[in-house]
Structures are given as structure tokens and as C-alpha cells.
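K.L.:
final.tsv is the file, holding TSV, C-alpha atoms:
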```tsv
chain	number	residue	atom	x	y	z
A	1	MET	CA	-33.31	-47.04	53.38
A	2	LEU	CA	-31.55	-47.55	50.03
A	3	THR	CA	-33.73	-48.17	47.01
A	4	ALA	CA	-33.06	-49.09	43.41
A	5	ALA	CA	-33.21	-45.38	42.52
A	6	THR	CA	-30.41	-44.42	44.90
A	7	PRO	CA	-27.50	-44.88	42.41
A	8	VAL	CA	-29.31	-42.71	39.86
A	9	LEU	CA	-29.87	-39.99	42.46
A	10	VAL	CA	-26.20	-40.06	43.52
A	11	TYR	CA	-25.14	-39.85	39.85
A	12	HIS	CA	-27.29	-36.74	39.27
A	13	LEU	CA	-26.01	-35.09	42.45
A	14	LEU	CA	-22.39	-35.69	41.43
A	15	SER	CA	-23.11	-34.31	37.95
A	16	LEU	CA	-24.61	-31.14	39.42
A	17	LEU	CA	-21.63	-30.76	41.76
A	18	LEU	CA	-19.17	-31.09	38.88
A	19	LEU	CA	-21.11	-28.53	36.83
A	20	LEU	CA	-21.03	-26.09	39.77
A	21	VAL	CA	-17.24	-26.50	40.11
A	22	LEU	CA	-16.70	-25.83	36.40
A	23	VAL	CA	-18.85	-22.69	36.51
A	24	LEU	CA	-17.00	-21.32	39.54
A	25	GLN	CA	-13.65	-22.13	37.97
A	26	HIS	CA	-14.59	-20.21	34.83
A	27	GLN	CA	-15.74	-17.16	36.81
A	28	LEU	CA	-12.62	-17.06	38.96
A	29	GLN	CA	-10.03	-17.59	36.23
A	30	PRO	CA	-7.42	-14.79	35.84
A	31	PRO	CA	-7.17	-12.54	32.77
A	32	ILE	CA	-6.05	-14.36	29.64
A	33	HIS	CA	-2.30	-13.96	29.11
A	34	HIS	CA	-1.24	-14.32	25.49
A	35	PRO	CA	2.54	-14.60	25.24
A	36	LEU	CA	2.03	-16.83	22.19
A	37	ASN	CA	0.61	-16.25	18.74
A	38	GLN	CA	-0.74	-12.73	19.07
A	39	VAL	CA	-3.61	-11.11	16.27
A	40	ILE	CA	-4.97	-7.75	15.15
A	41	VAL	CA	-8.14	-6.56	16.88
A	42	GLY	CA	-9.99	-3.49	15.62
A	43	GLY	CA	-7.99	-3.25	12.41
A	44	GLU	CA	-8.76	-3.44	8.71
A	45	ASP	CA	-7.45	-5.12	5.56
A	46	ALA	CA	-4.02	-3.82	4.56
A	47	PRO	CA	-3.64	-2.72	0.92
A	48	PRO	CA	-1.35	-5.04	-1.08
A	49	GLY	CA	2.31	-4.04	-0.80
A	50	SER	CA	1.70	-1.51	1.96
A	51	TRP	CA	3.83	-3.37	4.51
A	52	PRO	CA	6.39	-5.17	2.29
A	53	TRP	CA	8.60	-6.28	5.20
A	54	GLN	CA	5.82	-8.35	6.81
A	55	VAL	CA	6.41	-12.10	6.64
A	56	SER	CA	4.47	-15.17	7.74
A	57	LEU	CA	6.38	-17.78	9.72
A	58	GLN	CA	4.86	-21.14	8.91
A	59	ARG	CA	5.48	-24.62	10.27
A	60	PHE	CA	4.40	-27.61	8.26
A	61	GLY	CA	2.27	-25.30	6.10
A	62	GLY	CA	0.37	-23.48	8.85
A	63	HIS	CA	0.78	-19.86	9.94
A	64	VAL	CA	2.37	-19.61	13.40
A	65	CYS	CA	3.79	-16.11	13.83
A	66	GLY	CA	4.67	-12.91	12.05
A	67	GLY	CA	8.08	-11.40	11.45
A	68	SER	CA	9.81	-8.66	9.49
A	69	LEU	CA	12.47	-8.69	6.79
A	70	VAL	CA	15.56	-6.62	7.71
A	71	ASN	CA	17.79	-7.37	4.71
A	72	ARG	CA	17.95	-9.87	1.84
A	73	GLU	CA	18.36	-12.94	4.04
A	74	TRP	CA	17.45	-12.13	7.65
A	75	VAL	CA	14.14	-11.83	9.48
A	76	ILE	CA	13.44	-10.77	13.07
A	77	SER	CA	10.62	-12.23	15.12
A	78	ALA	CA	9.77	-13.17	18.71
A	79	ALA	CA	11.68	-15.83	20.64
A	80	HIS	CA	8.47	-17.21	22.17
A	81	CYS	CA	7.36	-18.41	18.72
A	82	PHE	CA	9.93	-21.21	18.93
A	83	SER	CA	10.22	-24.15	21.28
A	84	SER	CA	13.77	-24.85	20.06
A	85	THR	CA	16.30	-23.73	17.46
A	86	SER	CA	15.50	-26.67	15.19
A	87	THR	CA	14.68	-25.45	11.68
A	88	SER	CA	12.70	-28.58	10.81
A	89	GLY	CA	9.36	-27.79	9.18
A	90	TRP	CA	9.81	-24.01	9.26
A	91	GLN	CA	9.18	-21.86	6.19
A	92	ILE	CA	9.02	-18.09	5.68
A	93	SER	CA	6.51	-16.57	3.28
A	94	LEU	CA	7.35	-13.08	1.94
A	95	GLY	CA	5.25	-10.74	-0.20
A	96	ARG	CA	2.12	-12.52	0.99
A	97	GLN	CA	-1.22	-10.75	1.24
A	98	ASN	CA	-3.61	-13.58	2.13
A	99	LEU	CA	-3.15	-16.78	4.10
A	100	GLN	CA	-5.55	-18.49	1.71
A	101	GLY	CA	-6.21	-18.13	-2.00
A	102	ASN	CA	-4.02	-16.51	-4.62
A	103	ASN	CA	-0.79	-14.69	-3.71
A	104	PRO	CA	0.88	-13.67	-6.99
A	105	ASN	CA	3.66	-11.71	-5.26
A	106	GLU	CA	4.62	-14.39	-2.75
A	107	VAL	CA	8.11	-15.84	-2.41
A	108	SER	CA	8.97	-18.59	0.09
A	109	ARG	CA	12.18	-19.67	1.75
A	110	THR	CA	13.02	-22.38	4.21
A	111	VAL	CA	14.86	-21.42	7.39
A	112	ALA	CA	18.61	-22.06	7.55
A	113	ARG	CA	19.14	-20.90	11.12
A	114	ILE	CA	17.12	-19.84	14.18
A	115	ILE	CA	18.86	-17.69	16.80
A	116	LEU	CA	17.06	-17.00	20.08
A	117	HIS	CA	18.30	-14.25	22.39
A	118	PRO	CA	20.45	-15.97	25.05
A	119	ASN	CA	18.73	-14.04	27.85
A	120	TYR	CA	15.17	-14.69	26.71
A	121	ASP	CA	12.99	-15.46	29.72
A	122	SER	CA	9.85	-17.43	28.84
A	123	ILE	CA	8.24	-16.52	32.16
A	124	THR	CA	8.70	-12.75	32.08
A	125	ASN	CA	8.96	-12.48	28.26
A	126	ASN	CA	12.06	-10.32	28.68
A	127	ASN	CA	14.36	-10.28	25.61
A	128	ASP	CA	11.63	-11.80	23.44
A	129	ILE	CA	13.49	-11.57	20.13
A	130	ALA	CA	14.77	-14.03	17.53
A	131	LEU	CA	16.76	-13.88	14.30
A	132	LEU	CA	16.00	-16.16	11.35
A	133	LYS	CA	18.32	-16.68	8.42
A	134	LEU	CA	16.69	-17.52	5.10
A	135	SER	CA	17.92	-20.50	3.10
A	136	SER	CA	18.87	-18.09	0.30
A	137	PRO	CA	18.66	-14.30	-0.28
A	138	VAL	CA	15.50	-12.78	-1.73
A	139	THR	CA	15.20	-10.21	-4.48
A	140	PHE	CA	13.50	-6.98	-3.45
A	141	THR	CA	10.27	-6.05	-5.20
A	142	ASP	CA	7.44	-3.60	-4.53
A	143	TYR	CA	5.99	-6.32	-2.27
A	144	ILE	CA	9.20	-7.55	-0.60
A	145	ARG	CA	11.34	-4.89	1.09
A	146	PRO	CA	13.26	-4.56	4.37
A	147	VAL	CA	12.14	-2.33	7.21
A	148	CYS	CA	14.43	0.13	8.99
A	149	LEU	CA	15.12	-0.71	12.63
A	150	ALA	CA	15.15	1.70	15.57
A	151	ALA	CA	18.76	2.39	16.54
A	152	GLY	CA	20.02	2.32	20.12
A	153	GLY	CA	18.89	5.36	22.06
A	154	SER	CA	15.80	5.95	19.92
A	155	VAL	CA	13.01	7.77	21.75
A	156	PHE	CA	9.32	6.95	21.32
A	157	ASN	CA	7.39	9.35	23.50
A	158	ASN	CA	3.98	8.57	24.92
A	159	GLY	CA	1.47	9.03	22.10
A	160	THR	CA	3.84	8.28	19.21
A	161	ASP	CA	1.68	7.10	16.31
A	162	SER	CA	2.34	3.46	15.42
A	163	TRP	CA	1.02	0.69	13.21
A	164	VAL	CA	0.87	-3.03	13.93
A	165	THR	CA	0.27	-5.67	11.26
A	166	GLY	CA	-0.45	-9.38	11.22
A	167	TRP	CA	-2.75	-12.28	10.41
A	168	GLY	CA	-3.79	-12.90	14.00
A	169	ALA	CA	-7.24	-13.25	15.54
A	170	VAL	CA	-9.74	-10.43	15.25
A	171	LYS	CA	-11.11	-10.93	18.73
A	172	GLU	CA	-9.90	-12.37	22.02
A	173	GLY	CA	-10.03	-16.11	22.28
A	174	GLY	CA	-9.84	-16.69	18.55
A	175	GLU	CA	-7.97	-19.65	17.13
A	176	SER	CA	-5.15	-17.61	15.58
A	177	ALA	CA	-5.65	-16.91	11.87
A	178	LEU	CA	-8.77	-19.10	11.77
A	179	SER	CA	-10.66	-16.12	13.17
A	180	LEU	CA	-10.01	-14.13	9.99
A	181	PRO	CA	-12.61	-14.58	7.26
A	182	PHE	CA	-11.53	-16.01	3.91
A	183	PRO	CA	-9.10	-15.21	2.33
A	184	GLU	CA	-7.50	-14.21	5.65
A	185	THR	CA	-6.06	-10.88	4.49
A	186	LEU	CA	-3.20	-9.16	6.31
A	187	GLN	CA	-4.59	-6.76	8.93
A	188	GLU	CA	-3.33	-3.35	10.04
A	189	VAL	CA	-4.21	-1.30	13.10
A	190	GLU	CA	-3.11	2.14	14.26
A	191	VAL	CA	-2.21	2.47	17.94
A	192	PRO	CA	-0.31	5.07	19.99
A	193	VAL	CA	2.76	4.26	22.08
A	194	LEU	CA	2.03	4.17	25.79
A	195	GLY	CA	4.93	5.08	28.06
A	196	ASN	CA	6.64	2.33	30.03
A	197	ARG	CA	5.81	3.86	33.41
A	198	GLN	CA	2.08	4.00	32.78
A	199	CYS	CA	2.18	0.61	31.05
A	200	ASN	CA	3.86	-0.88	34.12
A	201	CYS	CA	1.17	0.55	36.37
A	202	LEU	CA	-1.62	-0.81	34.18
A	203	ASN	CA	-0.18	-4.28	33.55
A	204	GLY	CA	1.34	-4.69	37.02
A	205	VAL	CA	4.48	-3.02	38.36
A	206	GLY	CA	7.52	-5.02	37.31
A	207	THR	CA	5.83	-6.54	34.25
A	208	VAL	CA	7.36	-4.11	31.75
A	209	THR	CA	11.16	-3.87	31.54
A	210	ASP	CA	13.38	-1.40	29.69
A	211	ASN	CA	13.62	-4.02	26.94
A	212	MET	CA	9.93	-3.56	26.17
A	213	ILE	CA	7.70	-0.90	24.65
A	214	CYS	CA	3.91	-0.64	24.94
A	215	ALA	CA	1.13	0.54	22.67
A	216	GLY	CA	-2.63	0.57	22.73
A	217	VAL	CA	-5.79	2.58	23.17
A	218	LEU	CA	-6.79	2.96	26.82
A	219	ALA	CA	-10.45	2.67	25.88
A	220	GLY	CA	-9.68	-0.72	24.34
A	221	GLY	CA	-10.81	-2.10	21.00
A	222	LYS	CA	-7.47	-1.95	19.13
A	223	ASP	CA	-4.58	-4.31	19.73
A	224	SER	CA	-2.50	-7.21	18.52
A	225	CYS	CA	-3.71	-10.69	19.51
A	226	GLN	CA	-3.22	-14.43	18.89
A	227	GLY	CA	-1.41	-15.04	15.58
A	228	ASP	CA	0.37	-11.65	15.41
A	229	SER	CA	3.29	-12.59	17.66
A	230	GLY	CA	6.71	-11.76	16.24
A	231	GLY	CA	5.24	-9.21	13.84
A	232	PRO	CA	6.31	-5.57	13.59
A	233	MET	CA	5.16	-2.37	15.21
A	234	VAL	CA	6.37	0.57	13.12
A	235	SER	CA	6.33	4.36	13.31
A	236	LYS	CA	6.99	6.84	10.54
A	237	GLN	CA	9.77	9.43	10.75
A	238	GLY	CA	9.65	11.71	7.74
A	239	SER	CA	9.19	9.31	4.83
A	240	VAL	CA	10.87	6.37	6.57
A	241	TRP	CA	9.12	3.57	8.44
A	242	VAL	CA	11.05	2.48	11.53
A	243	GLN	CA	10.33	-0.69	13.50
A	244	SER	CA	10.08	0.10	17.18
A	245	GLY	CA	8.65	-3.14	18.50
A	246	ILE	CA	8.04	-6.86	18.03
A	247	VAL	CA	4.64	-8.22	19.10
A	248	SER	CA	5.32	-10.05	22.36
A	249	PHE	CA	2.51	-10.40	24.92
A	250	GLY	CA	-0.54	-8.92	26.59
A	251	PHE	CA	-3.29	-9.65	29.08
A	252	GLY	CA	-6.18	-10.54	26.83
A	253	CYS	CA	-6.59	-8.63	23.56
A	254	ALA	CA	-7.72	-5.01	23.18
A	255	ARG	CA	-9.03	-4.83	26.74
A	256	PRO	CA	-9.45	-1.35	28.27
A	257	ASN	CA	-6.42	-0.14	30.25
A	258	LEU	CA	-4.34	-3.16	29.26
A	259	PRO	CA	-1.99	-2.08	26.43
A	260	GLY	CA	-0.06	-4.63	24.39
A	261	VAL	CA	3.61	-5.18	25.17
A	262	TYR	CA	6.32	-5.41	22.51
A	263	SER	CA	10.04	-6.13	22.49
A	264	ARG	CA	11.90	-2.80	22.15
A	265	VAL	CA	13.97	-3.20	18.96
A	266	SER	CA	16.37	-0.34	19.76
A	267	ARG	CA	17.76	-2.33	22.70
A	268	TYR	CA	19.11	-5.02	20.38
A	269	GLN	CA	21.17	-3.19	17.74
A	270	SER	CA	24.47	-4.63	18.96
A	271	TRP	CA	23.04	-8.14	19.31
A	272	ILE	CA	21.52	-8.09	15.81
A	273	ASN	CA	24.70	-6.73	14.22
A	274	SER	CA	26.79	-9.39	15.97
A	275	PHE	CA	25.15	-12.07	13.81
A	276	ILE	CA	24.65	-10.18	10.55
A	277	SER	CA	28.21	-9.61	9.38
A	278	SER	CA	27.49	-8.21	5.93
A	279	ASP	CA	24.64	-6.24	4.38
A	280	LYS	CA	23.74	-5.01	7.85
A	281	PRO	CA	20.17	-3.84	8.51
A	282	GLY	CA	19.41	-0.15	8.33
A	283	PHE	CA	19.28	1.30	11.83
A	284	VAL	CA	17.65	4.73	12.16
A	285	GLN	CA	17.73	6.99	15.18
A	286	PHE	CA	14.08	7.74	15.97
A	287	THR	CA	13.46	10.96	17.87
A	288	SER	CA	10.45	12.46	19.62
A	289	SER	CA	10.00	16.18	20.12
A	290	GLY	CA	8.96	17.81	23.37
A	291	PRO	CA	8.71	16.37	26.87
A	292	ASP	CA	7.39	12.87	27.45
A	293	ALA	CA	4.23	12.93	29.55
A	294	ASP	CA	5.06	9.45	30.80
A	295	SER	CA	8.18	10.61	32.63
A	296	SER	CA	6.12	11.95	35.54
A	297	TYR	CA	3.57	9.12	35.67
A	298	THR	CA	3.51	7.25	38.95
A	299	CYS	CA	1.57	4.65	40.92
A	300	PRO	CA	2.08	2.67	44.14
A	301	GLY	CA	5.18	0.48	43.96
A	302	LEU	CA	6.65	2.14	40.87
A	303	PRO	CA	10.20	3.47	41.44
A	304	PRO	CA	10.56	7.24	41.07
A	305	PRO	CA	11.53	8.47	37.59
A	306	VAL	CA	15.20	8.90	36.79
A	307	ILE	CA	15.97	12.60	36.54
A	308	THR	CA	18.49	13.51	33.86
A	309	THR	CA	20.21	16.87	34.11
A	310	THR	CA	22.38	18.79	31.70
A	311	THR	CA	25.29	20.98	32.69
A	312	GLY	CA	26.18	24.26	31.05
A	313	SER	CA	25.22	24.62	27.41
A	314	SER	CA	26.34	21.20	26.33
A	315	THR	CA	24.14	19.61	23.71
A	316	THR	CA	25.99	16.31	23.55
A	317	PRO	CA	23.46	13.54	22.91
A	318	PRO	CA	23.32	10.63	25.34
A	319	ALA	CA	25.62	7.73	24.59
A	320	THR	CA	23.89	4.88	22.83
A	321	THR	CA	25.54	2.09	20.91
A	322	THR	CA	28.92	1.97	19.23
A	323	ASP	CA	27.38	0.34	16.18
A	324	SER	CA	27.14	2.63	13.18
A	325	PRO	CA	25.24	1.09	10.27
A	326	SER	CA	26.62	1.68	6.80
A	327	THR	CA	24.94	4.26	4.63
A	328	GLU	CA	24.41	1.64	1.92
A	329	SER	CA	22.54	-0.89	4.05
A	330	SER	CA	20.56	1.82	5.81
A	331	ALA	CA	19.44	3.28	2.48
A	332	LYS	CA	17.92	-0.04	1.39
A	333	CYS	CA	15.12	0.33	3.92
A	334	LYS	CA	14.44	3.97	3.00
A	335	TYR	CA	12.56	3.32	-0.20
A	336	PRO	CA	9.55	5.42	-1.31
A	337	ASP	CA	6.49	5.10	0.90
A	338	TYR	CA	3.92	2.81	-0.72
A	339	HIS	CA	1.57	2.76	2.24
A	340	VAL	CA	-1.60	4.79	1.80
A	341	THR	CA	-3.00	6.15	5.08
```
Show how you would write the structure in this file as C-alpha cells.

P.N.:
Amino acid sequence: MLTAATPVLVYHLLSLLLLLVLVLQHQLQPPIHHPLNQVIVGGEDAPPGSWPWQVSLQRFGGHVCGGSLVNREWVISAAHCFSSTSTSGWQISLGRQNLQGNNPNEVSRTVARIILHPNYDSITNNNDIALLKLSSPVTFTDYIRPVCLAAGGSVFNNGTDSWVTGWGAVKEGGESALSLPFPETLQEVEVPVLGNRQCNCLNGVGTVTDNMICAGVLAGGKDSCQGDSGGPMVSKQGSVWVQSGIVSFGFGCARPNLPGVYSRVSRYQSWINSFISSDKPGFVQFTSSGPDADSSYTCPGLPPPVITTTTGSSTTPPATTTDSPSTESSAKCKYPDYHVT
């Protein structure tokens, strides 16, 4: 028999049922996939001027993504940072150390043009690269300098030492740069390259294409994350810093056995040069010595490695790109090393 208390009882039962559904949904949700706005986890404050090519891409005054200066008026970043090629509201901050507070070495430019790779796939994150033209050229200083880019055919063996920089979150789930304590200082983290074969096995066979490069510590704890997207991953060859990757995506941040995935810069030399007609960026052929341990890595579903053979005593290097950057433009990114490690 219904009583006056029946509606209250039904209400409480429905509330409990809804709570149970929410709890189950939370427990069964898949790993967090961050193709947008990645951040540094496990890093430390970068000394001022140590990464002078790092820029902050801002929209309507708020930090959105990172990027890197490649000459006086061009920046490269990630295509997924942009919903369109409209330049409205976009600004690029160079020579910046902190997102808040005083930045005496900062110079800002609006964006004159946004170019997204025509084959960028927002689902797979393949070809996740963009070019941004500044409204006017910048003057190089100790805090504003271009980075050298990995030329076509560059080789980054498994274990190649790399550095990633950005203003992103310092732990998974953070609200981009809001997770950094005041004054939100640029972060740096050292991570080794992880070969594409092993990275494919760990992230899911087919996830990582030849247009990508991976890096991370298998034990976890160091990675890019929300807010770092579009920023640079660089490796040092001699005294020259060479950008190998652009922060693209990952499953969570700094999780064990889930390395971060970056756009492989060396795959885009021709594309970049097709838009930058003068004062071309400095492309540098990065080499790795010895065999690559990743070449023999395998797992179920992964195609067998491609075996390359040499005939006779020929030492002809493999064909790469027909682009040959000028000595002048290449030299501009080979300035003295200011980074203290």
C-alpha cells in the first residue's frame, strides 16, 4: 500500500542508482588520451635563456600551446592546437620565462598566417604540424633565437638523449598551465627517445606512424602533458641543439610503459621549405652511432622489421630530401650553447 513516504523513498532509491552508475562509469573509463594541450611532468624550472626558441602561443591572452622559433618570422607548432586557420585572437610570446609576473626579455607578435599540414588527421594525429608566420620579424637576442631542425633522413636511435620544454601541467589531469605554481616558470625535462617499434607495441600497434617519434621513461614519471602541445623536443649533436619532435599526444601523462608521441620534424623538411621562401630554417642531419636496439623489437601484430642491405663496399648514404638549406640560414641556429645541464 502506498503511503505519504513512498515518493521520498523512490527519490532516494533513484539517487543511489544514479550514484552507482557514475561510480561504475568512472572505473570503466579508458586511459586518458591527450591530443590537446600537453605539459611537463617530472621536470624542473628552466634557467632563463636556456631554450631561446621556445614560444608561448596565446589566444585572447591565455596560454594555449607551445611552439618553436625557426627563423626571424616563422614558428612551428602542432596542428591540433588550432580549430581553424583564422588568426583572430592569436598572439605569440617570445623570450618569455614565466606565464605570470615580470618578463623583461619578452617580445610579442600577432599571427599573420596559420598553415596546417594538408594531411593532418585529427583522429590519428598523423601529420600533426603547423607553421605560423609572425606579423613582423623579430630581432635575435640571448633570449630569442631559432632552433635547428632535423633534416630529412636524420636518425634518432632508441635511447637518444632528448629534452622537452613547456608550460604545461605538472601532473595528469591538470588544467593546463594552471597546474604550475606562480609565476608559472617554463619547465624542462630530460627523456630518452624510444624506438617506433617498441612505442607502437606499448601504445597499440598502428598508433605510431613513420611521421612520429616517441620519447619517455618506461618506469614513468617524466613526460609532456596538457599545455605543452606544439612545443619542441630537442637533442644535442656536438654543440648544436636539433629539434627532433613536436609535442603531439599520449595516453595519460608520464604513465609507465606509455611514452609520449611527437611529430617527427625530419619528415617535413620539404613541406616547411615550400612555405618559407627566404631565410630558410637551418636543417641539420642528425646521426646516431651504432645499431638501433629498436630495429629487432617485436610484438603480436607488428609487421616484421624492414631489412636494409648494402652491396659491395659502397658507403653511399640513403637518399633523403632534395632540399639543401643554405649555409647562412643554417648557421643562425648554431649559436653558442647557453643551456646549462

K.L.:
When you draw a straight line from atom CA of A:Pro146 to atom CA of A:Leu57, how long is it in Å?

P.N.:
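Computing the Euclidean distance for atom CA of A:Pro146 and atom CA of A:Leu57 yields 15.8 Å.
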
K.L.:
Using Å and a single decimal, report how far atom CA of A:Ala150 sits from atom CA of A:Ser296.

P.N.:
24.2 Å

K.L.:
Select, from A:Ile115, A:Leu149, A:Val208, A:Val70, the residue with the minimum atom-to-atom distance to A:Val242, counting all atoms listed in the file.

P.N.:
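Using all atoms listed in the file, A:Val242 sits closest to A:Leu149.
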
K.L.:
Please identify all polymer residues within 9 Å of A:Ile213, counting all atoms listed in the file, omitting same-chain residues fewer than 6 positions from it, and present them as a compact mmCIF listing (two decimals) with C-alpha atoms, in the coordinates of the input.

P.N.:
```
# COMPACT_ATOMS: atom_id res chain seq x y z
CA PHE A 156 9.32 6.95 21.32
CA VAL A 193 2.76 4.26 22.08
CA LEU A 194 2.03 4.17 25.79
CA GLY A 195 4.93 5.08 28.06
CA ASN A 196 6.64 2.33 30.03
CA CYS A 199 2.18 0.61 31.05
CA SER A 244 10.08 0.10 17.18
CA GLY A 245 8.65 -3.14 18.50
CA ILE A 246 8.04 -6.86 18.03
CA GLY A 260 -0.06 -4.63 24.39
CA VAL A 261 3.61 -5.18 25.17
CA TYR A 262 6.32 -5.41 22.51
CA SER A 263 10.04 -6.13 22.49
CA ARG A 264 11.90 -2.80 22.15
CA VAL A 265 13.97 -3.20 18.96
```

K.L.:
Tell me which of A:Gly152, A:Gly216, A:Pro181, A:Pro305 sits closest to A:Ser270, counting all atoms listed in the file.

P.N.:
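Once distances to A:Ser270 are computed over all atoms listed in the file, the minimum belongs to A:Gly152.
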